[in-house]
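Taking it in order: structure first as structure tokens, then the write-up.
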Number of protein chains: 2
Amino acid sequence: MPSMSLNFEPLDEANLSADISRQIRGMLAAGALCSGNKLPSTRTLARELQVSRGTVVTALETLIAEGFLESRTGSGTFVANGCRFERESVPKTKLREFVLNVIKPDTDATFDGALNFQACRPSLEAFPKMAWRRAAADAASRLPSADYGDPQGELELRIAVASYLCRARGLDVNPGQIIVTNGALHAMHLLAGVYLQSGDEVVFEDPGYPLARQTFATSGATIVPVPVDQHGLIVDYLPPHGHSVKCIYVTPSHQFPTGERLSLTRRHQLIRWAQKYNAIIVEDDYDGEFRYDVAPLPPMAAMTSDGSILYCGTFSKTLFPSLRLGFAAGPEALIRAMTQYRALADYQTNSQMQLTLANFINSGQFEKHIYRMRRIYAHKREILGDAIRASNMRGKLTGTDSGLNALVQLDTDLSATNIADRARLSDVCVSSIARYAVSPRVKDSSLILGYAALSEANIIEGVNRISNAVTRAAQ
Amino acid sequence: MPSMSLNFEPLDEANLSADISRQIRGMLAAGALCSGNKLPSTRTLARELQVSRGTVVTALETLIAEGFLESRTGSGTFVANGCRFERESVPKTKLREFVLNVIKPDTDATFDGALNFQACRPSLEAFPKMAWRRAAADAASRLPSADYGDPQGELELRIAVASYLCRARGLDVNPGQIIVTNGALHAMHLLAGVYLQSGDEVVFEDPGYPLARQTFATSGATIVPVPVDQHGLIVDYLPPHGHSVKCIYVTPSHQFPTGERLSLTRRHQLIRWAQKYNAIIVEDDYDGEFRYDVAPLPPMAAMTSDGSILYCGTFSKTLFPSLRLGFAAGPEALIRAMTQYRALADYQTNSQMQLTLANFINSGQFEKHIYRMRRIYAHKREILGDAIRASNMRGKLTGTDSGLNALVQLDTDLSATNIADRARLSDVCVSSIARYAVSPRVKDSSLILGYAALSEANIIEGVNRISNAVTRAAQ
């Protein structure tokens, strides 16, 4: 039986043998190696990988011990028979239609180049790793326990969040009005679970945040897209009869993805409208911490205390996305219901991460980090503006008052989607506004630039390549 | 204005001032202190708490900086006006009916005495804290990143789980057939989300696991309770026409809460029945790792490869509950759909905890820990048996072949619920089987004893107090 030729990535010099095992496991998972396949000899592998034969042997022995490979005396090493990686048949019963129709996988999730202008990616260059680890070690020393934690969230974290919201956002909520969630999206999932039924309407910004829109849609709600302009959601375009509207999703601090702020006048109008029709306003304040040179507006949740607003926040942007920690603050009866529903979904958020975050906030490090990042992001924003002005892109940069993303309105009749596709060919990941839109009213003429995670040099390089894509598209 | 008298718990000697702040925050959250309340003077507090006045001042200054308290010159320290803890009004729109009707909060969740026989509590006495922290530190050194992780779960953890399932449970699945969840319940929540619609039927063991039953019920499914006996679910009692049954929930390794195993014959019958009606079997293997003196039966998922079984596991019992890590293994199309739905719920499980667990499994520490705990639990089971035989309880101990819980069938006509209530008066937390039952057919004559987390002395003391409760009830 002929042996397979394997394609390895460059090895991790510090852990040669472990990295070889890891990469072979990846090949098994990806289906590049299947049950019964013969591996190259240890001698061949050692030569190809330029490592000692002993290193290869150690790697293969690990995989044999794990049951992935088996050694057949005199014949070589094979993928174990137990190690099936072929696909199974589809379950015989039908999955719910929305899984097949509504949910669209994010095609950009796998991009891992350096010129990645995807929205909402924070920079980790100045992340206080040591302080975070101290907070984590302190939390770990108090665990584990035989008991579950509170499905509403560890009281310590809810107190820290309430106190932070009061200091930083002028929001006056008590810990009983807060539920700790696995990110802001999770709050919408829980809200939909306790509150929305098939046929209910949800008003949604257009363009807007696709995952949140799909979260509401999977609950069976009908999405009512309402356009936005330079002052945020155009309140005059709300449906004239709002009796079926249960929920209005807005991003008032920094409209996603246009980056505009909802004006004070519209905020008041929107609250009145919601009150008239008994609807809940979902205020997604996903990156409101990062304001640069504008006077802060308080969250809408601070403008009314009638229980009509569910304020959602996340630590994905202020800390990092895979942390999966966020919260919702709102009327206690709603928070209680969401907590009960949540106890039947995944019971609670991991206690160790919650206590780590509580320590981190209470130590003052969290706000220090935000303060530091605000300066770094403000500087990158300048670099981005300069690069765009210096380029041939002829675009207008907007939405830069706050947040991690900006918008370039192209001064041509070219399709932004087409330009994003061309940019991708030169290893730049950038999205057209069309990607976030529902209605064809939204003109495919702007690019969304998430600039926060890129180095200054990469911002300049990325903008130049996008500019070249614009030039080529115009030819 | 008179000052409040505050009730403190014994202080943490290592962090006096921080603990004083912490306890006052707790009083604020619990409503024991309200906006405008005056605190005792620092002199009084220092005397009552037997600490230096400086310590108290530091604690209050922290709370003032956090905005919870305010100092009024010449008058003393008060709870800040911003610090409202009164309840808000209920939102004006109706929450879904099931929140009010179906979900029952667990009244025992707050019991924190030592004689806690609640089911499914693992012992942490031999938890390898150092090894866990090493695994965590290694995971932390690879994070954070600007990107989200894989909603299906980190590949590294899925490979580790697949490999563990193969070694320990004889289950042959590949990482593509696994989704990492926040505990086993979460897998059922995701299954319900992609698969169940209002009016679908779910066959459920009676007595059975209440949270899972409620999870299915909140999706609008109708629960069809089917009784269990000493061989597990009585398959002959399945509905004669199963066309509406989409799902059958079973705990074959250790029926919850009776502790019996589903016999081999019934496993085959159940699989055939599910195949006939195109239903998915949800196999909840919540504590199958802990087998004592019986030959292992493989999971049902290892008995068929036709894609009719979703195998759910959790690390809540093998490690600790607030970890919130579990997984489901099943046909790829179903796992893919659950992953897509999950991306709209909370996107992914925290990456740091996933990588920590992957490290812990790959280092061999996980299986070492299970092995160690199996011996510890087996010994505690002996102690429990001896204590019950030595007591006046006249009960028959069953369900002890495996797992963390056992069942005592009382040899009297007394109500087990009544005995559990009496035991509670002497600070013992124990449940009647009736708490887990739907149908009145289930006789209220057995107690469920979760013995794993108790010390030997507490097992004996607890059994004695329960025995006294039985004696008093009989009088």
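We name chains A, B, ... following the order of the structure tokens; residues begin at 1 in each chain, and ligands are numbered from 1 as shown.
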Kindly provide the residues of region 294-396 of chain B that approach region 135-149 of chain A to within 10 Å, each paired with its closest atom pair and their distance in Å to one decimal, based on only C-alpha atoms, listed by chain and increasing number, as a tab-separated table.
residue	atom	partner	partner_atom	distance
B:Ser316	CA	A:Ala146	CA	8.9
B:Lys317	CA	A:Ala146	CA	8.7
B:Leu319	CA	A:Pro144	CA	8.5
B:Phe320	CA	A:Ala146	CA	6.1
B:Pro321	CA	A:Tyr148	CA	5.4
B:Ser322	CA	A:Tyr148	CA	5.0
B:Leu323	CA	A:Pro144	CA	8.3
B:Arg324	CA	A:Tyr148	CA	9.0
Problem set entry | Spatial neighbours of Ile376 (chain A), 10 Å, only C-alpha atoms, chain gap at least 5 places, as a ChimeraX atom specification | /A:123,125-126,370-371,381,452
So that I can see what lies close to Phe315 (chain B), please list as a short mmCIF file (atom, residue, chain, number, x, y, z; two decimals) with N, CA, C and O atoms, in the first residue's frame the residues with an atom at most 12 Å from it, counting only C-alpha atoms and leaving out residues fewer than 4 positions away in the same chain.
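Here's the written file result18.cif:
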data_model
loop_
_atom_site.label_atom_id
_atom_site.label_comp_id
_atom_site.auth_asym_id
_atom_site.auth_seq_id
_atom_site.Cartn_x
_atom_site.Cartn_y
_atom_site.Cartn_z
N CYS B 120 -26.04 14.73 42.33
CA CYS B 120 -25.09 15.15 41.29
C CYS B 120 -24.03 16.16 41.73
O CYS B 120 -23.43 16.82 40.90
N ARG B 121 -23.79 16.26 43.04
CA ARG B 121 -22.73 17.16 43.48
C ARG B 121 -21.43 16.35 43.58
O ARG B 121 -21.34 15.41 44.35
N PRO B 122 -20.40 16.71 42.81
CA PRO B 122 -19.14 15.96 42.88
C PRO B 122 -18.33 16.39 44.11
O PRO B 122 -18.59 17.43 44.70
N VAL B 161 -11.67 15.25 23.24
CA VAL B 161 -12.90 14.59 23.68
C VAL B 161 -13.13 13.32 22.85
O VAL B 161 -13.46 12.26 23.39
N VAL B 180 -18.93 21.34 21.22
CA VAL B 180 -18.66 21.68 22.61
C VAL B 180 -19.78 22.57 23.11
O VAL B 180 -20.18 23.51 22.41
N THR B 181 -20.34 22.25 24.26
CA THR B 181 -21.46 23.01 24.80
C THR B 181 -21.13 23.49 26.22
O THR B 181 -20.15 23.07 26.81
N ASN B 182 -22.00 24.36 26.71
CA ASN B 182 -21.87 24.80 28.11
C ASN B 182 -22.64 23.81 29.00
O ASN B 182 -23.65 24.14 29.60
N GLY B 183 -22.17 22.58 29.06
CA GLY B 183 -22.86 21.56 29.83
C GLY B 183 -23.84 20.75 28.98
O GLY B 183 -24.17 21.14 27.85
N ALA B 184 -24.29 19.61 29.52
CA ALA B 184 -25.15 18.70 28.76
C ALA B 184 -26.52 19.32 28.48
O ALA B 184 -27.09 19.15 27.40
N LEU B 185 -27.04 20.06 29.45
CA LEU B 185 -28.35 20.69 29.27
C LEU B 185 -28.36 21.59 28.04
O LEU B 185 -29.33 21.66 27.29
N ASP B 285 -25.38 10.91 29.24
CA ASP B 285 -24.44 10.07 30.00
C ASP B 285 -23.75 10.95 31.04
O ASP B 285 -22.55 11.18 31.01
N TYR B 286 -24.57 11.43 32.00
CA TYR B 286 -24.10 12.51 32.88
C TYR B 286 -23.08 12.06 33.90
O TYR B 286 -22.31 12.87 34.40
N ASP B 287 -23.09 10.78 34.30
CA ASP B 287 -22.06 10.37 35.26
C ASP B 287 -21.58 8.95 34.99
O ASP B 287 -21.16 8.23 35.91
N GLY B 288 -21.59 8.55 33.73
CA GLY B 288 -21.22 7.19 33.34
C GLY B 288 -19.78 6.83 33.64
O GLY B 288 -19.40 5.66 33.60
N GLU B 289 -18.95 7.84 33.93
CA GLU B 289 -17.54 7.57 34.23
C GLU B 289 -17.37 6.83 35.54
O GLU B 289 -16.35 6.17 35.76
N LEU B 319 -15.44 16.98 36.70
CA LEU B 319 -14.63 18.09 37.19
C LEU B 319 -15.48 18.91 38.17
O LEU B 319 -15.63 18.50 39.30
N PHE B 320 -16.09 19.99 37.74
CA PHE B 320 -16.96 20.72 38.66
C PHE B 320 -18.05 21.45 37.89
O PHE B 320 -17.86 21.80 36.72
N PRO B 321 -19.21 21.69 38.54
CA PRO B 321 -20.39 22.17 37.80
C PRO B 321 -20.24 23.56 37.21
O PRO B 321 -20.70 23.80 36.10
N SER B 322 -19.61 24.49 37.93
CA SER B 322 -19.58 25.87 37.42
C SER B 322 -18.59 26.03 36.27
O SER B 322 -18.46 27.12 35.72
N LEU B 323 -17.92 24.93 35.88
CA LEU B 323 -17.05 24.95 34.69
C LEU B 323 -17.88 25.18 33.44
O LEU B 323 -17.44 25.82 32.49
N ARG B 324 -19.10 24.65 33.42
CA ARG B 324 -20.01 24.75 32.27
C ARG B 324 -19.34 24.32 30.98
O ARG B 324 -19.25 25.06 30.01
N LEU B 325 -18.85 23.09 30.97
CA LEU B 325 -18.34 22.51 29.74
C LEU B 325 -18.94 21.12 29.58
O LEU B 325 -18.96 20.33 30.54
N GLY B 326 -19.42 20.86 28.40
CA GLY B 326 -19.96 19.56 28.05
C GLY B 326 -19.86 19.42 26.55
O GLY B 326 -19.22 20.23 25.88
N PHE B 327 -20.50 18.40 26.01
CA PHE B 327 -20.43 18.20 24.57
C PHE B 327 -21.59 17.34 24.14
O PHE B 327 -22.24 16.67 24.95
N ALA B 328 -21.88 17.36 22.84
CA ALA B 328 -22.80 16.42 22.26
C ALA B 328 -22.12 15.81 21.05
O ALA B 328 -21.38 16.50 20.34
N MET B 353 -11.31 28.45 28.68
CA MET B 353 -11.69 27.27 29.44
C MET B 353 -11.63 26.02 28.56
O MET B 353 -11.26 24.94 29.03
N GLN B 354 -11.96 26.16 27.28
CA GLN B 354 -11.88 25.00 26.38
C GLN B 354 -10.44 24.52 26.24
O GLN B 354 -10.18 23.32 26.28
N LEU B 357 -9.21 22.81 29.36
CA LEU B 357 -9.69 21.43 29.47
C LEU B 357 -8.96 20.52 28.49
O LEU B 357 -8.60 19.39 28.84
N ALA B 358 -8.71 21.01 27.28
CA ALA B 358 -7.99 20.19 26.30
C ALA B 358 -6.60 19.84 26.84
O ALA B 358 -6.17 18.68 26.78
N PHE B 360 -5.73 19.70 29.93
CA PHE B 360 -5.90 18.83 31.11
C PHE B 360 -6.15 17.39 30.67
O PHE B 360 -5.59 16.45 31.24
N ILE B 361 -6.96 17.22 29.63
CA ILE B 361 -7.22 15.86 29.12
C ILE B 361 -5.94 15.31 28.48
O ILE B 361 -5.53 14.19 28.77
N PHE B 366 -6.83 14.23 33.50
CA PHE B 366 -8.28 14.05 33.59
C PHE B 366 -8.62 12.61 33.97
O PHE B 366 -9.37 12.36 34.92
N GLU B 367 -8.03 11.68 33.24
CA GLU B 367 -8.36 10.28 33.52
C GLU B 367 -7.77 9.81 34.86
O GLU B 367 -8.36 8.98 35.54
N ILE B 370 -10.32 10.96 37.35
CA ILE B 370 -11.50 10.09 37.37
C ILE B 370 -11.19 8.80 38.11
O ILE B 370 -11.98 8.33 38.94
#
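Residues within 7 Å of Pro227 (chain B), counting only C-alpha atoms and excluding same-chain residues fewer than 5 positions away, are Glu205, Asp206, Pro207, Leu233 and Ile234 of chain B.
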Would you output that residue set with C-alpha atoms, as a PDB file, in the first residue's frame?
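File written: again_30.pdb
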ATOM      1  CA  GLU B 205     -38.230   9.082  31.780  1.00  0.00           C
ATOM      2  CA  ASP B 206     -40.549   9.382  34.805  1.00  0.00           C
ATOM      3  CA  PRO B 207     -39.107  10.096  37.314  1.00  0.00           C
ATOM      4  CA  LEU B 233     -37.153   2.990  30.985  1.00  0.00           C
ATOM      5  CA  ILE B 234     -39.971   0.482  30.478  1.00  0.00           C
TER       6      ILE B 234
END
Problem set entry | Residues within 9 Å of region 46-53 of chain B, only C-alpha atoms, excluding chain neighbours under 5 positions, as a list of chain:residue names | B:Phe8, B:Pro10, B:Leu11, B:Leu16, B:Ser41, B:Thr58
Exercise. Which residues in region 107-301 of chain A does DSSP call strand (DSSP E or B)? List them as a ChimeraX atom specification.
Worked result: /A:115-116,178-181,201-206,222-229,232-233,245-250,280-284,291
Emit the selected residues as a compact mmCIF listing (two decimals), in the first residue's frame, including N, CA, C and O atoms.
# COMPACT_ATOMS: atom_id res chain seq x y z
N LEU A 115 -3.95 41.82 6.89
CA LEU A 115 -4.69 43.01 6.45
C LEU A 115 -6.19 42.75 6.60
O LEU A 115 -6.94 42.71 5.64
N ASN A 116 -6.59 42.55 7.85
CA ASN A 116 -7.95 42.12 8.16
C ASN A 116 -8.75 43.30 8.70
O ASN A 116 -8.65 43.66 9.86
N ILE A 178 -29.45 43.19 36.47
CA ILE A 178 -28.42 42.79 35.51
C ILE A 178 -28.38 41.27 35.40
O ILE A 178 -28.45 40.57 36.40
N ILE A 179 -28.28 40.77 34.18
CA ILE A 179 -27.97 39.35 33.97
C ILE A 179 -26.65 39.26 33.22
O ILE A 179 -26.43 40.00 32.25
N VAL A 180 -25.77 38.41 33.70
CA VAL A 180 -24.50 38.16 33.01
C VAL A 180 -24.77 37.18 31.89
O VAL A 180 -25.44 36.17 32.08
N THR A 181 -24.27 37.51 30.70
CA THR A 181 -24.51 36.64 29.54
C THR A 181 -23.19 36.27 28.88
O THR A 181 -22.15 36.84 29.21
N GLU A 201 -43.31 41.28 15.40
CA GLU A 201 -42.41 42.05 14.56
C GLU A 201 -41.26 42.65 15.37
O GLU A 201 -41.45 43.07 16.51
N VAL A 202 -40.09 42.67 14.77
CA VAL A 202 -38.92 43.29 15.38
C VAL A 202 -38.40 44.35 14.41
O VAL A 202 -38.03 44.03 13.28
N VAL A 203 -38.40 45.60 14.85
CA VAL A 203 -37.83 46.68 14.04
C VAL A 203 -36.32 46.58 14.12
O VAL A 203 -35.76 46.42 15.21
N PHE A 204 -35.66 46.67 12.98
CA PHE A 204 -34.22 46.46 12.95
C PHE A 204 -33.57 47.48 12.02
O PHE A 204 -34.07 47.76 10.93
N GLU A 205 -32.45 48.04 12.44
CA GLU A 205 -31.70 49.00 11.62
C GLU A 205 -31.27 48.34 10.31
O GLU A 205 -30.83 47.19 10.31
N ASP A 206 -31.35 49.11 9.21
CA ASP A 206 -30.91 48.59 7.91
C ASP A 206 -30.02 49.63 7.23
O ASP A 206 -30.51 50.70 6.89
N THR A 222 -40.82 38.43 12.66
CA THR A 222 -40.68 39.05 11.35
C THR A 222 -39.83 40.30 11.51
O THR A 222 -40.12 41.15 12.36
N ILE A 223 -38.79 40.41 10.70
CA ILE A 223 -37.90 41.57 10.79
C ILE A 223 -38.49 42.71 9.97
O ILE A 223 -38.85 42.53 8.80
N VAL A 224 -38.61 43.89 10.58
CA VAL A 224 -39.06 45.08 9.87
C VAL A 224 -37.86 46.00 9.72
O VAL A 224 -37.49 46.71 10.65
N PRO A 225 -37.22 46.00 8.54
CA PRO A 225 -36.03 46.83 8.39
C PRO A 225 -36.40 48.30 8.27
O PRO A 225 -37.34 48.65 7.56
N VAL A 226 -35.69 49.16 9.01
CA VAL A 226 -35.92 50.61 8.94
C VAL A 226 -34.58 51.27 8.61
O VAL A 226 -33.57 50.96 9.25
N PRO A 227 -34.56 52.15 7.60
CA PRO A 227 -33.28 52.69 7.15
C PRO A 227 -32.63 53.63 8.17
O PRO A 227 -33.30 54.15 9.06
N VAL A 228 -31.33 53.82 8.00
CA VAL A 228 -30.57 54.74 8.85
C VAL A 228 -29.94 55.82 7.96
O VAL A 228 -29.75 55.61 6.77
N ASP A 229 -29.65 56.99 8.54
CA ASP A 229 -28.87 58.01 7.83
C ASP A 229 -27.78 58.53 8.77
O ASP A 229 -27.42 57.83 9.73
N GLY A 232 -28.48 58.20 12.47
CA GLY A 232 -28.93 56.90 12.98
C GLY A 232 -30.29 56.51 12.42
O GLY A 232 -30.71 57.01 11.36
N LEU A 233 -30.98 55.63 13.12
CA LEU A 233 -32.29 55.12 12.68
C LEU A 233 -33.23 56.27 12.35
O LEU A 233 -33.43 57.18 13.15
N VAL A 245 -45.34 45.30 16.72
CA VAL A 245 -43.91 45.44 17.02
C VAL A 245 -43.68 45.16 18.50
O VAL A 245 -44.20 45.86 19.36
N LYS A 246 -42.89 44.12 18.80
CA LYS A 246 -42.61 43.80 20.19
C LYS A 246 -41.27 44.38 20.61
O LYS A 246 -40.98 44.50 21.80
N CYS A 247 -40.44 44.73 19.65
CA CYS A 247 -39.04 44.95 19.96
C CYS A 247 -38.40 45.82 18.87
O CYS A 247 -38.73 45.69 17.69
N ILE A 248 -37.54 46.77 19.31
CA ILE A 248 -36.81 47.63 18.37
C ILE A 248 -35.33 47.52 18.70
O ILE A 248 -34.92 47.84 19.82
N TYR A 249 -34.55 47.06 17.73
CA TYR A 249 -33.12 46.90 17.96
C TYR A 249 -32.39 48.12 17.43
O TYR A 249 -32.50 48.45 16.25
N VAL A 250 -31.61 48.79 18.31
CA VAL A 250 -30.82 49.95 17.88
C VAL A 250 -29.42 49.92 18.49
O VAL A 250 -29.20 49.35 19.56
N ILE A 280 -40.33 46.92 23.52
CA ILE A 280 -39.06 47.01 24.24
C ILE A 280 -37.97 47.48 23.28
O ILE A 280 -37.85 46.95 22.16
N ILE A 281 -37.20 48.48 23.68
CA ILE A 281 -36.05 48.92 22.90
C ILE A 281 -34.84 48.12 23.34
O ILE A 281 -34.51 48.10 24.53
N VAL A 282 -34.20 47.42 22.41
CA VAL A 282 -32.95 46.73 22.73
C VAL A 282 -31.82 47.67 22.33
O VAL A 282 -31.61 47.95 21.14
N GLU A 283 -31.12 48.20 23.32
CA GLU A 283 -30.02 49.14 23.06
C GLU A 283 -28.71 48.36 23.12
O GLU A 283 -28.26 47.96 24.20
N ASP A 284 -28.12 48.11 21.96
CA ASP A 284 -26.87 47.35 21.90
C ASP A 284 -25.71 48.34 21.91
O ASP A 284 -25.40 48.97 20.91
N ARG A 291 -15.00 56.49 22.64
CA ARG A 291 -15.38 57.78 22.04
C ARG A 291 -14.11 58.59 21.91
O ARG A 291 -13.29 58.61 22.82
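Using only C-alpha atoms, the nearest neighbour of chain B within the list A:His241, A:Arg158, A:Lys38, A:Lys396 is A:Arg158.
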Exercise. Skipping near chain neighbours, those fewer than 5 positions away, what residues fall within 6 Å of region 329-342 of chain A using only C-alpha atoms, listed as a list of chain:residue names?
Worked result: A:Gln152, A:Gln177, A:Ile178, A:Leu190, A:Gly307, A:Leu310, A:Tyr311, A:Tyr347, B:Glu88, B:Val90
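Residues in contact range of region 438-447 of chain B, defined as at most 9 Å between only C-alpha atoms, with sequence neighbours fewer than 2 positions away removed, read B:Asp206, B:Pro207, B:Gly208, B:Pro225, B:Val226, B:Pro227, B:Gly395, B:Ala406, B:Leu407, B:Val408, B:Gln409, B:Leu410, B:Asp411, B:Thr412, B:Asp413, B:Leu414, B:Ser415, B:Ala416, B:Thr417, B:Ile419, B:Ala420, B:Val430, B:Ser431, B:Ser432, B:Ile433, B:Ala434, B:Arg435, B:Tyr436, B:Leu449.
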